[in-house]
>>> print(open('coords.cif').read())   # mmCIF, C-alpha atoms
data_protein
#
loop_
_atom_site.label_atom_id
_atom_site.label_comp_id
_atom_site.auth_asym_id
_atom_site.auth_seq_id
_atom_site.Cartn_x
_atom_site.Cartn_y
_atom_site.Cartn_z
CA MET H 60 7.86 -8.06 -17.58
CA SER H 61 5.07 -7.13 -15.17
CA ARG H 62 4.42 -3.60 -14.05
CA ASN H 63 4.52 -2.74 -10.39
CA HIS H 64 2.32 -0.05 -8.85
CA TYR H 65 3.17 1.45 -5.48
CA PHE H 66 0.75 2.94 -2.97
CA LEU H 67 1.08 4.72 0.35
CA VAL H 68 -1.55 3.38 2.74
CA SER H 69 -2.29 5.49 5.81
CA TYR H 70 -4.50 4.24 8.62
CA ARG H 71 -5.15 4.30 12.35
CA LEU H 72 -4.38 1.36 14.57
CA GLY H 73 -6.27 2.13 17.75
CA ARG H 74 -5.18 5.70 18.51
CA GLN H 75 -1.90 5.56 16.58
CA LYS H 76 -1.45 6.88 13.04
CA LYS H 77 0.43 4.42 10.86
CA SER H 78 1.39 4.05 7.22
CA THR H 79 2.90 1.43 4.97
CA GLU H 80 3.88 1.04 1.33
CA VAL H 81 2.05 -1.57 -0.70
CA GLN H 82 3.17 -2.93 -4.08
CA ALA H 83 0.49 -4.30 -6.38
CA ALA H 84 0.19 -5.52 -9.95
CA ALA H 85 -3.09 -3.63 -10.43
CA PRO H 86 -3.09 0.12 -11.14
CA VAL H 87 -5.72 0.72 -8.45
CA LEU H 88 -5.76 -0.34 -4.80
CA THR H 89 -9.04 0.04 -2.91
CA PRO H 90 -9.24 0.64 0.85
CA GLU H 91 -10.75 -2.85 1.18
CA GLN H 92 -7.76 -4.39 -0.61
CA ALA H 93 -5.40 -2.29 1.51
CA ARG H 94 -7.15 -3.57 4.66
CA TYR H 95 -6.10 -7.11 3.72
CA HIS H 96 -2.44 -6.02 3.68
CA ILE H 97 -2.76 -4.06 6.92
CA GLU H 98 -4.43 -6.95 8.72
CA SER H 99 -1.60 -9.25 7.63
CA LEU H 100 0.89 -6.82 9.20
CA HIS H 101 -1.04 -6.62 12.47
CA GLY H 102 -2.39 -10.15 12.82
CA SER H 103 -2.62 -9.95 16.59
CA GLN H 104 -4.89 -6.86 16.48
CA LEU H 105 -8.64 -6.94 16.16
CA PRO H 106 -9.80 -5.87 12.67
CA GLY H 107 -12.02 -3.22 14.30
CA GLU H 108 -8.91 -1.48 15.62
CA ILE H 109 -7.88 -0.63 12.03
CA THR H 110 -9.72 2.46 10.83
CA ASP H 111 -9.42 5.53 8.56
CA ILE H 112 -7.71 3.70 5.68
CA GLU H 113 -6.52 6.02 2.90
CA VAL H 114 -4.73 4.91 -0.27
CA LYS H 115 -2.54 7.24 -2.34
CA PRO H 116 -0.60 6.26 -5.47
CA MET H 117 3.17 6.79 -5.21
CA GLY H 118 4.62 8.00 -8.48
CA GLY H 119 4.07 5.96 -11.60
CA ALA H 120 4.26 2.31 -12.41
CA THR H 121 7.59 0.89 -13.37
CA ASP H 122 8.62 -1.92 -15.66
CA GLN H 123 12.33 -1.26 -15.40
CA GLU H 124 15.00 -3.61 -14.17
CA PRO H 125 16.48 -2.93 -10.74
CA GLY H 126 19.34 -0.46 -11.04
CA GLN H 127 17.95 1.28 -14.12
CA GLN H 128 17.12 4.96 -13.99
CA ARG H 129 14.01 6.35 -15.61
CA GLN H 130 14.62 9.24 -18.02
CA THR H 131 12.29 12.22 -17.60
#
>>> encode(input="coords.cif", output="structure tokens")
Amino acid sequence: MSRNHYFLVSYRLGRQKKSTEVQAAAPVLTPEQARYHIESLHGSQLPGEITDIEVKPMGGATDQEPGQQRQT
């Protein structure tokens, strides 16, 4: 089973602060990789309108089945 890594991506679209969650197979997500996801969300916007991209990991990776709870 593959491991999923989750990231919180914060950015500015024009003058508005926005954020989105991104799921990736890799344990690291660069701002450049995050830009690809953001641009796909806002296809009608000019790429120059997307600025201040920050990527933060959300928790740990998971390889559990849906509905399972992780023991800590």
>>> residues_around(input="coords.cif", residues="Glu113 (chain H)", least_positions_apart="4", cutoff="9 Å", atoms="only C-alpha atoms", output="CSV table (one decimal) with C-alpha atoms, in the coordinates of the input")
chain,number,residue,atom,x,y,z
H,67,LEU,CA,1.1,4.7,0.4
H,68,VAL,CA,-1.6,3.4,2.7
H,69,SER,CA,-2.3,5.5,5.8
H,70,TYR,CA,-4.5,4.2,8.6
H,89,THR,CA,-9.0,0.0,-2.9
H,90,PRO,CA,-9.2,0.6,0.8
H,93,ALA,CA,-5.4,-2.3,1.5
>>> resolve_selection(input="coords.cif", expression="the PyMOL selection byres ((chain H and resi 108) around 8)", output="list in words")
Arg71, Leu72, Gly73, Gln104, Leu105, Pro106, Gly107, Ile109 and Thr110 of chain H
>>> closest_residue(input="coords.cif", among="H:Glu80, H:Glu91, H:Pro86, H:Ser99", to="Asp111 (chain H)", atoms="all atoms listed in the file")
H:Glu91
>>> closest_residue(input="coords.cif", among="H:Gln75, H:Pro116, H:Leu100, H:Gln82", to="Arg62 (chain H)", atoms="all atoms listed in the file")
H:Gln82
>>> atom_distance(input="coords.cif", atom1="CA of Tyr65 (chain H)", atom2="CA of Ser103 (chain H)")
25.5 Å
>>> atom_distance(input="coords.cif", atom1="CA of Phe66 (chain H)", atom2="CA of Val81 (chain H)")
5.2 Å
>>> atom_distance(input="coords.cif", atom1="CA of Gly102 (chain H)", atom2="CA of Asn63 (chain H)")
25.3 Å
>>> axis_aligned_box(input="coords.cif", around="region 69-77 of chain H", padding_each_side="5 Å", output="lines of an AutoDock Vina configuration file")
center_x = -2.9
center_y = 4.1
center_z = 12.2
size_x = 16.7
size_y = 15.5
size_z = 22.7
